[in-house]
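Colleague: Contents of upload_11.cif (mmCIF, C-alpha atoms):
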data_target
loop_
_atom_site.label_atom_id
_atom_site.label_comp_id
_atom_site.auth_asym_id
_atom_site.auth_seq_id
_atom_site.Cartn_x
_atom_site.Cartn_y
_atom_site.Cartn_z
CA MET N 1 -26.22 42.81 33.87
CA ARG N 2 -27.85 46.12 32.93
CA LEU N 3 -30.39 44.21 30.81
CA LYS N 4 -31.43 42.16 33.88
CA ILE N 5 -31.89 45.34 35.95
CA PHE N 6 -33.90 46.92 33.13
CA VAL N 7 -36.15 43.83 32.82
CA TRP N 8 -36.74 43.73 36.59
CA ALA N 9 -37.53 47.45 36.59
CA VAL N 10 -40.11 46.98 33.80
CA VAL N 11 -41.68 44.03 35.67
CA ALA N 12 -41.85 46.11 38.88
CA ILE N 13 -43.49 49.02 37.07
CA ILE N 14 -46.08 46.79 35.38
CA THR N 15 -46.85 44.97 38.64
CA GLY N 16 -47.16 48.25 40.53
CA ALA N 17 -49.46 49.72 37.90
CA GLY N 18 -51.62 46.60 37.99
CA LEU N 19 -51.92 46.68 41.76
CA ALA N 20 -52.66 50.40 41.76
CA GLY N 21 -55.45 49.84 39.22
CA CYS N 22 -56.96 47.15 41.44
CA SER N 23 -57.10 49.39 44.47
CA LYS N 24 -59.52 51.87 42.90
CA LYS N 25 -62.93 51.58 44.50
CA LYS N 26 -65.89 51.16 42.20
CA GLU N 27 -69.15 52.64 43.41
CA ALA N 28 -71.50 49.81 44.27
CA THR N 29 -75.05 50.02 42.97
CA PRO N 30 -77.53 49.37 45.81
CA GLU N 31 -79.65 46.26 45.66
CA GLY N 32 -83.13 46.69 44.25
CA THR N 33 -86.32 45.31 45.78
CA PHE N 34 -89.33 43.69 44.11
CA THR N 35 -92.08 41.99 46.16
CA PHE N 36 -95.78 41.16 45.83
CA ARG N 37 -98.48 38.65 46.83
CA VAL N 38 -100.42 36.42 44.46
CA GLY N 39 -103.27 34.81 46.38
CA ASP N 40 -101.74 33.66 49.70
CA ILE N 41 -98.12 33.44 48.47
CA THR N 42 -95.63 36.28 48.84
CA TYR N 43 -92.94 36.52 46.17
CA HIS N 44 -89.68 38.31 46.86
CA SER N 45 -86.97 38.77 44.26
CA ASN N 46 -83.53 37.73 45.38
CA SER N 47 -81.92 39.34 42.34
CA THR N 48 -83.69 42.47 41.08
CA GLN N 49 -82.66 44.49 38.06
CA GLY N 50 -84.23 47.56 36.55
CA TYR N 51 -83.54 49.09 33.18
CA ILE N 52 -85.12 51.34 30.61
CA SER N 53 -85.48 50.12 27.05
CA ASP N 54 -86.78 51.56 23.79
CA THR N 55 -89.62 49.53 22.30
CA VAL N 56 -89.17 48.91 18.60
CA ILE N 57 -92.84 48.53 17.70
CA ALA N 58 -94.35 51.25 19.90
CA GLY N 59 -91.35 53.60 19.67
CA LYS N 60 -91.71 54.40 23.40
CA LYS N 61 -89.55 54.04 26.51
CA THR N 62 -90.29 51.04 28.74
CA LEU N 63 -89.23 50.53 32.36
CA ILE N 64 -88.55 46.86 33.06
CA ILE N 65 -88.32 45.50 36.61
CA ASP N 66 -86.97 41.97 36.46
CA GLY N 67 -86.38 39.46 39.24
CA VAL N 68 -85.95 35.84 40.26
CA THR N 69 -87.11 34.31 43.55
CA ASN N 70 -84.41 33.16 45.95
CA ASN N 71 -85.00 29.48 45.15
CA PHE N 72 -84.74 30.23 41.39
CA ALA N 73 -88.20 28.72 40.86
CA LYS N 74 -90.03 31.81 39.57
CA HIS N 75 -89.19 34.63 37.18
CA MET N 76 -91.09 37.85 37.83
CA GLU N 77 -91.30 40.86 35.55
CA LEU N 78 -93.16 44.16 35.60
CA MET N 79 -93.10 46.48 32.58
CA ILE N 80 -94.37 50.02 32.18
CA THR N 81 -94.44 51.55 28.69
CA PHE N 82 -94.55 55.33 28.91
CA PRO N 83 -97.00 56.97 26.50
CA ASN N 84 -95.57 60.48 27.06
CA GLY N 85 -91.97 60.03 28.20
CA LEU N 86 -90.47 58.91 31.49
CA GLN N 87 -92.55 60.36 34.29
CA ALA N 88 -94.04 59.39 37.62
CA GLY N 89 -97.77 58.78 37.67
CA GLN N 90 -100.56 56.23 37.56
CA TYR N 91 -100.49 53.44 34.93
CA ASP N 92 -102.88 50.59 34.11
CA GLN N 93 -103.10 47.53 31.84
CA SER N 94 -102.98 49.70 28.73
CA THR N 95 -99.39 50.66 29.61
CA GLY N 96 -98.36 48.06 32.24
CA GLU N 97 -97.84 44.32 32.23
CA MET N 98 -96.90 41.78 34.91
CA THR N 99 -95.77 38.17 34.49
CA LEU N 100 -94.91 35.43 36.98
CA MET N 101 -93.44 32.37 35.28
CA ASP N 102 -92.15 29.01 36.48
CA ILE N 103 -88.50 28.84 35.40
CA GLN N 104 -88.53 25.05 34.94
CA GLN N 105 -91.90 25.28 33.15
CA LYS N 106 -93.41 22.60 35.40
CA GLU N 107 -96.56 24.68 35.82
CA GLU N 108 -98.38 27.41 33.92
CA GLY N 109 -97.37 30.99 34.52
CA TYR N 110 -99.49 34.02 35.34
CA ILE N 111 -99.99 37.12 33.21
CA THR N 112 -101.81 40.41 33.70
CA LYS N 113 -105.57 40.56 33.50
CA ALA N 114 -105.77 43.93 35.26
CA ILE N 115 -103.09 46.06 36.90
CA SER N 116 -102.74 49.43 38.57
CA ILE N 117 -99.23 50.82 38.97
CA LYS N 118 -98.32 53.94 40.90
CA LEU N 119 -94.85 55.03 39.81
CA GLU N 120 -93.90 57.29 42.71
CA SER N 121 -90.57 58.46 41.32
CA ILE N 122 -88.24 57.93 38.38
CA ASN N 123 -84.97 59.62 37.44
CA SER N 124 -81.66 58.69 35.82
CA LYS N 125 -80.58 56.63 38.86
CA GLN N 126 -83.67 54.88 40.23
CA ALA N 127 -87.39 54.18 40.04
CA GLU N 128 -89.84 53.14 42.73
CA GLY N 129 -93.52 52.44 43.06
CA THR N 130 -96.38 50.18 44.07
CA PHE N 131 -98.78 47.97 42.13
CA SER N 132 -101.80 45.65 42.44
CA GLY N 133 -104.30 43.92 40.20
CA THR N 134 -105.36 40.50 38.95
CA LEU N 135 -103.26 37.78 37.30
CA ILE N 136 -104.61 34.89 35.24
CA SER N 137 -103.36 31.45 34.34
CA GLY N 138 -105.79 29.76 31.97
CA GLU N 139 -109.12 29.83 33.81
CA ILE N 140 -107.54 30.64 37.20
CA GLU N 141 -107.64 34.24 38.44
CA LYS N 142 -105.68 35.37 41.48
CA PRO N 143 -105.44 38.75 43.18
CA LEU N 144 -102.09 40.54 42.93
CA THR N 145 -101.60 42.64 46.08
CA ASP N 146 -98.94 44.42 48.14
CA GLY N 147 -96.65 44.97 45.15
CA THR N 148 -93.63 47.23 45.69
CA PHE N 149 -90.43 47.86 43.80
CA LYS N 150 -87.37 50.04 43.98
CA VAL N 151 -84.72 49.60 41.30
CA TYR N 152 -81.43 51.30 40.56
CA PHE N 153 -79.91 51.89 37.15
#
Could you render the structure from this file as structure tokens?
Modeller:
Amino acid sequence: MRLKIFVWAVVAIITGAGLAGCSKKKEATPEGTFTFRVGDITYHSNSTQGYISDTVIAGKKTLIIDGVTNNFAKHMELMITFPNGLQAGQYDQSTGEMTLMDIQQKEEGYITKAISIKLESINSKQAEGTFSGTLISGEIEKPLTDGTFKVYF
């Protein structure tokens, strides 16, 4: 009989500990934003992520803003490689790159021909800025306008 009581006590303790662990609130990371226009089409990321990576070849830090449109048709990515460490400022095609690719590869994607990025702020928790330029796909050039992003790490 004492063994049954002991077993039930152990089960109750384990269950209680499990439920107590589940009740802890985890801080939610806010949703990021990533939008721009290419020609007459506005692209808005439904799922935006931002992270900082070390480039192997250049040996520099790179901010990557990554997103997918809400219909999962396009993958969009903006990268800024920092020549002198993580800092706000103005960046161009020598340090920035933008791609807009068709996920199902039914059509050609767009890559940077020219870009101007204004990184307004960056710290250990977030980065935000604006960008514009020109994207190309083969012989086709389209203006990239109204670009904005705000990502959380």
Colleague: Do you know which residues the PyMOL selection byres ((chain N and resi 90) around 8) returns on this file, as a PyMOL selection string?
Modeller: chain N and resi 88-89+91-92+116-119
Colleague: Just how far from CA of Phe72 in chain N is CA of Glu107 in chain N, in Å to one decimal?
Modeller: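 Atom-to-atom, CA of Glu107 in chain N and CA of Phe72 in chain N are spaced 14.2 Å apart.
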Colleague: Hey, what comes out of the PyMOL selection byres ((chain N and resi 129) around 9) on this file? Could you write it as a list in words?
Modeller: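 Given this file, the PyMOL selection byres ((chain N and resi 129) around 9) evaluates to Ala88, Ile117, Lys118, Leu119, Glu120, Ser121, Ile122, Ala127, Glu128, Thr130, Phe131, Gly147, Thr148, Phe149 and Lys150 of chain N.
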Colleague: Could you list, as a ChimeraX atom specification, every residue within 9 Å of range 61-67 of chain N, counting only C-alpha atoms and ignoring same-chain residues fewer than 3 positions away?
Modeller: /N:33-34,44-55,58,74-86,127,149-151
Colleague: Please evaluate the PyMOL selection byres ((chain N and resi 153) around 6) against the structure above and give the resulting residues as number ranges by chain.
Modeller: N: 125-126, 152
Colleague: Expressed in Å to a single decimal, how great is the separation between CA of Ser137 in chain N and CA of Gly32 in chain N?
Modeller: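 We find that CA of Ser137 in chain N and CA of Gly32 in chain N lie 27.2 Å from each other.
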Colleague: Enclose all atoms of range 119-127 of chain N listed in the file in an axis-aligned box, grow every side by 3 Å, and hand back centre and edge lengths in Å to one decimal, as lines of an AutoDock Vina configuration file.
Modeller:
center_x = -87.7
center_y = 56.9
center_z = 39.3
size_x = 20.3
size_y = 11.4
size_z = 12.9
Colleague: Hey, can you check how far CA of Gly138 in chain N sits from CA of Tyr110 in chain N?
Modeller: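 Separation between CA of Gly138 in chain N and CA of Tyr110 in chain N: 8.3 Å.
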Colleague: I want to know what sits within 8 Å of Lys113 in chain N, based on only C-alpha atoms, with residues of the same chain fewer than 6 positions away left out; could you give that as a PyMOL selection string?
Modeller: chain N and resi 93+133-136
